[in-house]
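The structure appears below as structure tokens.
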Amino acid sequence: MKKTAILFMLFFFTIGLFAQEENKNNQEYRTLFGSENISHGGWGGLSVNYTQIGGADAILVGAKGGWLINHGVTIGIGGYGISNNLYYDKKIDDKYDEYQMAGGYGGLLIEPIIGAKWPVHVSIPILIGAGGVAYINNYWSSYDNDFNSTYTEDADAFFVLEPGIEVELNMIKFMRLSIGGYYRITSDLNLADTKPNVLDGFSVGMNLKFGKF
């Protein structure tokens, strides 16, 4: 929980710096609604991240997007799923077997943007939400016309906080490309023969965003 508290403090500190910078650029008092000086846009995009889960390589494929306010902050949603096959030899119900880990997470996206009108600038995405993960066993038999069955051996839900930083490029007017690094923090998992913080860790990835910026 200490790591979570520190990250929340860094988040609000960043928001404060961002707000101060905006005030330096324009001293006029602004409101969210009813002001001619506020611009509104929106975007959606796809993300591909590399990470490690339980010591094994993993690819996270996701989507995110939202409402862009005054070119400076996005409020929206985002989520990721584990796209590749992660197999583990786990002891479940007093037996060892090979299981596939599968799952995903998503939630609220808050993304301040610093210097959005520059061709190259910085964004600070923060994802706050929840997810679930499970161990899945694939049973195959040559009898019964090659019967194949998939069932869940163990599963659990979790809370997730994932702050990051991205270097973003304005490719064309309606498209941006960004490369970023992120750190994923989850609540403790209760899965058989698994560390409670197995999902915690760094990831790096690339994003394509399309919309009105």
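Labels used: A, B, ... for chains in the order of the structure tokens, numbers from 1 for residues in each chain, and numbers from 1 for ligands as shown.
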
For the interface of range 124-207 of chain A with range 37-53 of chain A (cut-off 10 Å, counting only C-alpha atoms), please tabulate each contacting residue of range 124-207 of chain A alongside its nearest pair of atoms and their separation in Å to one decimal, rows sorted by chain and increasing number, as a Markdown table.
| residue | atom | partner | partner_atom | distance |
| --- | --- | --- | --- | --- |
| A:Phe174 | CA | A:Trp43 | CA | 8.8 |
| A:Met175 | CA | A:Trp43 | CA | 9.0 |
| A:Arg176 | CA | A:Gly45 | CA | 9.2 |
| A:Leu177 | CA | A:Gly45 | CA | 9.6 |
| A:Ser178 | CA | A:Ser47 | CA | 9.4 |
| A:Ile179 | CA | A:Asn49 | CA | 9.6 |
| A:Gly180 | CA | A:Asn49 | CA | 8.9 |
| A:Gly181 | CA | A:Asn49 | CA | 8.9 |
| A:Tyr182 | CA | A:Asn49 | CA | 9.2 |
| A:Tyr183 | CA | A:Thr51 | CA | 9.8 |
| A:Arg184 | CA | A:Thr51 | CA | 9.7 |
| A:Asn197 | CA | A:Ile53 | CA | 9.7 |
| A:Val198 | CA | A:Ile53 | CA | 6.3 |
| A:Leu199 | CA | A:Ile53 | CA | 5.7 |
| A:Asp200 | CA | A:Ile53 | CA | 7.8 |
| A:Gly201 | CA | A:Gln52 | CA | 7.2 |
| A:Phe202 | CA | A:Thr51 | CA | 6.3 |
| A:Ser203 | CA | A:Thr51 | CA | 4.5 |
| A:Val204 | CA | A:Asn49 | CA | 5.4 |
| A:Gly205 | CA | A:Asn49 | CA | 3.9 |
| A:Met206 | CA | A:Val48 | CA | 5.6 |
| A:Asn207 | CA | A:Ser47 | CA | 4.4 |

Could those residues be written to a file, using C-alpha atoms, as a CSV table (one decimal), in the first residue's frame?
chain,number,residue,atom,x,y,z
A,174,PHE,CA,-5.9,13.2,-36.6
A,175,MET,CA,-3.2,10.6,-35.6
A,176,ARG,CA,-0.6,10.3,-32.8
A,177,LEU,CA,2.0,7.7,-32.1
A,178,SER,CA,3.4,7.2,-28.6
A,179,ILE,CA,6.0,5.0,-27.0
A,180,GLY,CA,5.8,4.6,-23.2
A,181,GLY,CA,6.7,2.9,-20.0
A,182,TYR,CA,4.3,1.9,-17.2
A,183,TYR,CA,4.3,0.3,-13.8
A,184,ARG,CA,1.4,-2.0,-12.9
A,197,ASN,CA,2.0,-9.8,-6.4
A,198,VAL,CA,2.7,-11.9,-9.5
A,199,LEU,CA,1.0,-9.3,-11.7
A,200,ASP,CA,3.0,-6.3,-10.4
A,201,GLY,CA,5.7,-5.0,-12.8
A,202,PHE,CA,7.0,-2.8,-15.5
A,203,SER,CA,5.8,-2.8,-19.1
A,204,VAL,CA,6.8,-0.9,-22.3
A,205,GLY,CA,4.6,-0.4,-25.3
A,206,MET,CA,3.4,1.5,-28.3
A,207,ASN,CA,0.1,3.3,-28.9

Point to revise | DSSP strand (DSSP E) residues within range 16-212 of chain A, listed as a ChimeraX atom specification | key: /A:40-53,56-69,73-82,86-92,95-114,120-123,126-140,148-172,175-186,201-212

Review point. Near Ile126 in chain A, counting only C-alpha atoms, which residues have an atom at most 6 Å away, once you skip same-chain residues fewer than 5 positions from it, shown as a ChimeraX atom specification?
Key: /A:109-110,162-163

Exercise for review: May I have the residues within 10 Å of Gly72 in chain A as an NGL selection string, using only C-alpha atoms and disregarding those fewer than 4 positions away in the same chain?
Suggested key: :A and (18-19 or 22 or 39-40 or 68 or 111-117 or 123 or 213)

Can I get the selected residues back with C-alpha atoms, as a PDB file, in the first residue's frame?
ATOM      1  CA  PHE A  18       0.407  20.942 -15.196  1.00  0.00           C
ATOM      2  CA  ALA A  19      -2.215  23.372 -13.886  1.00  0.00           C
ATOM      3  CA  GLU A  22      -1.429  26.347 -17.982  1.00  0.00           C
ATOM      4  CA  SER A  39     -11.770  23.301 -26.786  1.00  0.00           C
ATOM      5  CA  HIS A  40     -13.180  19.795 -26.757  1.00  0.00           C
ATOM      6  CA  LEU A  68      -9.931  15.488 -24.602  1.00  0.00           C
ATOM      7  CA  GLU A 111      -4.068  11.399 -19.014  1.00  0.00           C
ATOM      8  CA  PRO A 112      -2.532  14.886 -18.611  1.00  0.00           C
ATOM      9  CA  ILE A 113      -0.656  16.100 -21.696  1.00  0.00           C
ATOM     10  CA  ILE A 114       2.263  18.511 -21.539  1.00  0.00           C
ATOM     11  CA  GLY A 115       3.014  20.605 -24.646  1.00  0.00           C
ATOM     12  CA  ALA A 116       0.332  18.956 -26.790  1.00  0.00           C
ATOM     13  CA  LYS A 117       0.746  21.409 -29.698  1.00  0.00           C
ATOM     14  CA  SER A 123       1.669  12.525 -21.737  1.00  0.00           C
ATOM     15  CA  PHE A 213      -6.829  16.489 -30.847  1.00  0.00           C
TER      16      PHE A 213
END

Check your understanding: If we count only C-alpha atoms, what is near Ile77 in chain A at a cut-off of 6 Å, once residues fewer than 6 positions away on the same chain are taken out, given as a list of chain:residue names?
Key ->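 These residues fall inside the cut-off: A:Lys64, A:Gly65, A:Gly107, A:Leu108, A:Leu109.
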
Exercise for review: Excluding range 82-85 of chain A and residues on its chain fewer than 6 positions from it, collect all residues at most 7 Å away from it, counting only C-alpha atoms, and give them as a list in words.
Suggested key: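 My reading of the contact set: Ala58, Ile59, Leu60, Val61, Gln100, Ala102, Gly103 and Gly104 of chain A.
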
Review point. When distances are computed from only C-alpha atoms, which of A:Thr194, A:Ser187, A:Thr74, A:Asn170 shows the smallest separation from Phe158 in chain A?
Key: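 Closest residue, counting only C-alpha atoms: A:Ser187.
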
Practice item. Within 12 Å of Gly132 in chain A, counting only C-alpha atoms, which residues show up once you throw out same-chain ones fewer than 2 positions away? Write them as a count of residues only, please. Key: 28

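Counting from CA of Asp94 in chain A, the distance to CA of Asn138 in chain A is 18.0 Å.
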
Practice item. Taking the DSSP assignment computed from this structure's backbone, write out as a ChimeraX atom specification all residues of range 21-195 of chain A that belong to helix (DSSP H, G or I). Key: /A:21-25,143-146

May I have the selected residues written with C-alpha atoms, as a short mmCIF file (atom, residue, chain, number, x, y, z; two decimals), in the first residue's frame?
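See part.cif below for the written result:
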data_model
loop_
_atom_site.label_atom_id
_atom_site.label_comp_id
_atom_site.auth_asym_id
_atom_site.auth_seq_id
_atom_site.Cartn_x
_atom_site.Cartn_y
_atom_site.Cartn_z
CA GLU A 21 1.96 25.76 -16.40
CA GLU A 22 -1.43 26.35 -17.98
CA ASN A 23 -2.03 29.37 -15.74
CA LYS A 24 1.30 30.87 -16.79
CA ASN A 25 0.29 30.60 -20.43
CA TYR A 143 -11.67 -40.79 -27.39
CA ASP A 144 -15.12 -39.37 -28.10
CA ASN A 145 -14.08 -37.93 -31.46
CA ASP A 146 -11.06 -36.07 -30.12
#
